[in-house]
Amino acid sequence: MMYGILTWADGVEPLLGAKLSAWTEKTAPHSLYRFVIGILAGSALHGKRGFQYCKRRYLAGLLSPLAAAIFSVGMAIGIFLPANLIIWTPYYWAFPLLIVGMAIQLSCRTPTIRQTGQALLGLGCCWIGYTACRDAALPANLIVVALVGVAAFATFTHTPAAVFLAVASALQDPGTQTNILALTALVLALCWLFSLVQTLRNAKPPFKPASSLLSKYDLLFPERALQAVLQENRRMAVGLAAAARALAAYKDKPRGTATFVQLVQDVESAMDEFKPAGQQYLLELTRYKLEERQARLAMFLFVNISDLERISDHLLAVAENVPDPARRPDYPESILQSLDAMLEKTADIIDALAKSITGNRGRKHDVSGSVTEARDGALELLDHFTAVLQDLILNNEIKPSRAIRMQDLRSHFERLIRHVRAIAVAGAQEDFWIEPDAIHERAKHVINVRTKDRLTVSQINDLLQEPKT
C-alpha cells in the first residue's frame, strides 16, 4: 500500500510537474483557480513532493504568504482524493490498472507513456494493498503495531494518505463510519499543513526582494512587462552571485557544516520554478501585437532565463563536488589553490553579469566590457586549472578518483562560463534596451488584439537574427 502511494507519485510528478507550474502562472491572480490547482497538485505530488514544490515556489518569490496558504489548503485536500477513490470504489477495478500499467511498463519506451504506466501500476498496487489489509482480519494488537509503523513511515515521507488508508482498512465497515474517516482526514491534513508552515518559515528566500516582480496586469503594457522580466533576471543573477560568493568561502566553514551547499540548493530549486514562470510570462506577452524591438527583446530574455537556470545547475554541481573542508589535506595544495582561485573568479564573473543586466543603452558597452574582462580572466584561470590537473595526473601525484572529481569540476566551470557569455552577448545586442525615462512608452497601452497563435519557432529564430539595415 505504501509502495503503491510512492510509485503513483513518482509516475505522476514528471507528467504534471511542469504543467502545474504553467497552470499556476496562468491563474495567478485568481484565488479560486489557485485553490483548485492546489487540489490537483496534492493528488499528483502527495506529501514530500508537495513540500518541495511549495518550498521551491516560495523561495523563488512566486508564492506570497497568502497565495501559499490558499495553495497549501488545496493540496491538503487533494492528498486524500486518490485514497478516497480506493476506499469507495470496488477493489476489482485495481486489476485492469495493474494489467495496463504493467503492459505499458514492459512494452513502451517513450518516457511520458512509461510514466503513465508507472502511475497506473502504483495506484493498482495501493488498491490491492488496501484490500489485503482490510480483509486480513488481524488481531487488535497487530493492528495497533501496524498503525504505529505506518504513522512513522508517513511522518518520515510526509504522506498522510498512508495513515488514512491504514485507518480505513482497520474499520469493520468504512461506508458506515464516515465520521471517523472525516475526522482522521482533518487531523492528518492539519498536521501536514502545520509541518509545511514550519518548513516555509524556516526557508530563507535567497533573492531580494523576496517577492516576484512579474505581474499579469503589466502584460497590456509591453515596456513595463519587459522591464519586469529584465529586473527579475537581474534579481536571480544577484542571488546566483551571492550563492557563488558563499561557495567560494566554503573552505573557511567549520567542520561538519554545509550551509553553503544548502544555500546553493535553495537557489537552484528557486531557479527551477522561476524558469517556467518567467518563460510563460513572456509567451503570454508575445501573444499581443508587439513592436519588432519589443518582440526581439522578449526572445532574448526568454533565452537568458534558460541560461540563468543552467548556471544554477552548474553551481550546484560544483557545490556538491568540491572537497569537504575536513578532507582538503588529502588533495595536493596546487590543485586546491587553483580551485579556490577559480571559485573566486566564478563569483566575480556572475557578479559582473548581474550588474550588466540593466537594459540601459548608455551603459551597454561599459557593462559588456566588464563582463568580457571577467570572462577572459575566468578562462585564463580555467586553463591554469587544467594544466595543474594534467601535471598532477602525469606525475601520479593525485588519486584517480580525485582526479575525476577535479575534471568534473572543470567541466562545470567551463559550461558555466559559456552560459554567462551567452547572456552577455544577448545583452550587447542593438535591441536589448529599455529606456527608463520614456514614461510615455512604459505606460503606452498595447493594441488590445491578441494574435491567433504564439510565435512559431521559425519566427523566433528570425527575431533573434540581426536586424536588416
# chains A, B, ... in the order shown; residues from 1 in each chain; ligands from 1
call {"tool": "residues_around", "arguments": {"residues": "A:Ala237", "least_positions_apart": "6", "cutoff": "9 Å", "atoms": "only C-alpha atoms", "output": "list in words"}}
result
Phe207, Leu308, Ile350, Asp351, Leu353, Ala354, Lys355 and Ile357 of chain A
call {"tool": "residues_around", "arguments": {"residues": "A:Gly74", "least_positions_apart": "5", "cutoff": "7 Å", "atoms": "only C-alpha atoms", "output": "list of chain:residue names"}}
result
A:Phe35, A:Val36, A:Gly38, A:Ile39
call {"tool": "closest_residue", "arguments": {"among": "A:Val303, A:Ile398, A:Ala225, A:Ala68", "to": "A:His419", "atoms": "only C-alpha atoms"}}
result
A:Val303
call {"tool": "residues_around", "arguments": {"residues": "stretch 314-331 of chain A", "least_positions_apart": "2", "cutoff": "8 Å", "atoms": "only C-alpha atoms", "output": "MDAnalysis selection string"}}
result
chainID A and resid 244 247 250:256 260:261 264:265 268 310:312 333 335:336 398 402 405 409 412:413 415:416
call {"tool": "write_last_selection", "arguments": {"atoms": "N, CA and C atoms", "output": "short mmCIF file (atom, residue, chain, number, x, y, z; two decimals), in the first residue's frame"}}
result
data_model
loop_
_atom_site.label_atom_id
_atom_site.label_comp_id
_atom_site.auth_asym_id
_atom_site.auth_seq_id
_atom_site.Cartn_x
_atom_site.Cartn_y
_atom_site.Cartn_z
N ALA A 244 27.37 32.02 -5.28
CA ALA A 244 28.75 31.78 -5.71
C ALA A 244 29.75 32.31 -4.69
N LEU A 247 29.88 29.89 -1.89
CA LEU A 247 30.60 28.70 -2.32
C LEU A 247 32.11 28.96 -2.33
N TYR A 250 33.76 28.35 1.04
CA TYR A 250 33.44 27.08 1.70
C TYR A 250 34.57 26.57 2.57
N LYS A 251 35.81 26.83 2.17
CA LYS A 251 36.95 26.29 2.90
C LYS A 251 37.08 26.88 4.29
N ASP A 252 36.44 28.03 4.54
CA ASP A 252 36.51 28.67 5.85
C ASP A 252 35.40 28.22 6.78
N LYS A 253 34.52 27.34 6.30
CA LYS A 253 33.42 26.87 7.13
C LYS A 253 33.92 25.87 8.17
N PRO A 254 33.31 25.85 9.37
CA PRO A 254 33.71 24.88 10.38
C PRO A 254 33.47 23.46 9.90
N ARG A 255 34.14 22.53 10.53
CA ARG A 255 33.98 21.12 10.17
C ARG A 255 32.54 20.66 10.41
N GLY A 256 32.06 19.85 9.50
CA GLY A 256 30.74 19.27 9.65
C GLY A 256 29.60 20.17 9.21
N PHE A 260 26.76 26.33 2.88
CA PHE A 260 26.91 26.85 1.52
C PHE A 260 26.21 25.93 0.52
N VAL A 261 26.23 24.62 0.78
CA VAL A 261 25.54 23.69 -0.10
C VAL A 261 24.04 23.92 -0.03
N VAL A 264 23.13 27.07 -2.05
CA VAL A 264 23.16 26.81 -3.49
C VAL A 264 21.99 25.93 -3.89
N GLN A 265 21.63 24.96 -3.06
CA GLN A 265 20.47 24.12 -3.35
C GLN A 265 19.18 24.94 -3.39
N GLU A 268 19.15 26.93 -6.59
CA GLU A 268 18.86 26.08 -7.74
C GLU A 268 17.39 25.66 -7.77
N ARG A 310 20.55 27.25 -16.08
CA ARG A 310 21.67 26.33 -16.27
C ARG A 310 22.87 26.74 -15.41
N ILE A 311 23.08 28.02 -15.22
CA ILE A 311 24.16 28.47 -14.33
C ILE A 311 23.92 27.94 -12.92
N SER A 312 22.67 28.00 -12.45
CA SER A 312 22.36 27.49 -11.12
C SER A 312 22.62 25.98 -11.03
N GLU A 333 48.20 20.62 -2.75
CA GLU A 333 48.00 22.04 -2.49
C GLU A 333 47.85 22.84 -3.77
N ILE A 335 46.42 22.04 -6.66
CA ILE A 335 45.08 21.98 -7.25
C ILE A 335 44.07 22.70 -6.36
N LEU A 336 44.31 22.69 -5.04
CA LEU A 336 43.41 23.41 -4.14
C LEU A 336 43.51 24.92 -4.36
N ILE A 398 48.12 12.55 -7.73
CA ILE A 398 46.73 12.64 -7.31
C ILE A 398 46.04 11.32 -7.62
N ARG A 402 40.05 11.23 -7.25
CA ARG A 402 40.06 12.67 -7.00
C ARG A 402 40.33 13.44 -8.29
N ARG A 405 37.06 13.74 -10.01
CA ARG A 405 36.23 14.79 -9.40
C ARG A 405 36.69 16.17 -9.84
N LEU A 409 34.65 19.04 -12.01
CA LEU A 409 34.53 20.44 -11.62
C LEU A 409 34.95 21.36 -12.76
N HIS A 412 32.18 21.67 -15.32
CA HIS A 412 31.08 22.55 -14.89
C HIS A 412 31.49 24.02 -14.94
N PHE A 413 32.73 24.31 -14.58
CA PHE A 413 33.21 25.70 -14.68
C PHE A 413 33.15 26.18 -16.13
N ARG A 415 31.28 25.11 -18.66
CA ARG A 415 29.92 25.31 -19.16
C ARG A 415 29.25 26.51 -18.50
N LEU A 416 29.57 26.77 -17.25
CA LEU A 416 29.03 27.95 -16.57
C LEU A 416 29.49 29.22 -17.27
#
call {"tool": "residues_around", "arguments": {"residues": "A:Ala347", "least_positions_apart": "5", "cutoff": "12 Å", "atoms": "only C-alpha atoms", "output": "ChimeraX atom specification"}}
result
/A:237-249,311,315,340-342,352-354,371,374-375,377-378,413,416-417,420
call {"tool": "residues_around", "arguments": {"residues": "stretch 48-52 of chain A", "least_positions_apart": "6", "cutoff": "9 Å", "atoms": "only C-alpha atoms", "output": "PyMOL selection string"}}
result
chain A and resi 9+13+41-42+72+75+156-159+195-196+199-200+269
call {"tool": "atom_distance", "arguments": {"atom1": "atom CA of A:Gln177", "atom2": "atom CA of A:Tyr92"}}
result
22.1 Å
call {"tool": "atom_distance", "arguments": {"atom1": "atom CA of A:Leu343", "atom2": "atom CA of A:Asn233"}}
result
22.2 Å
call {"tool": "closest_residue", "arguments": {"among": "A:Asp383, A:Glu292, A:Asp313, A:Asp135", "to": "A:Met271", "atoms": "only C-alpha atoms"}}
result
A:Asp313
call {"tool": "closest_residue", "arguments": {"among": "A:Pro111, A:Gly11, A:Pro276, A:Gly101", "to": "A:Gly124", "atoms": "only C-alpha atoms"}}
result
A:Gly101
call {"tool": "closest_residue", "arguments": {"among": "A:Ala44, A:Leu213, A:Ala76, A:Leu219", "to": "A:Leu190", "atoms": "only C-alpha atoms"}}
result
A:Ala76
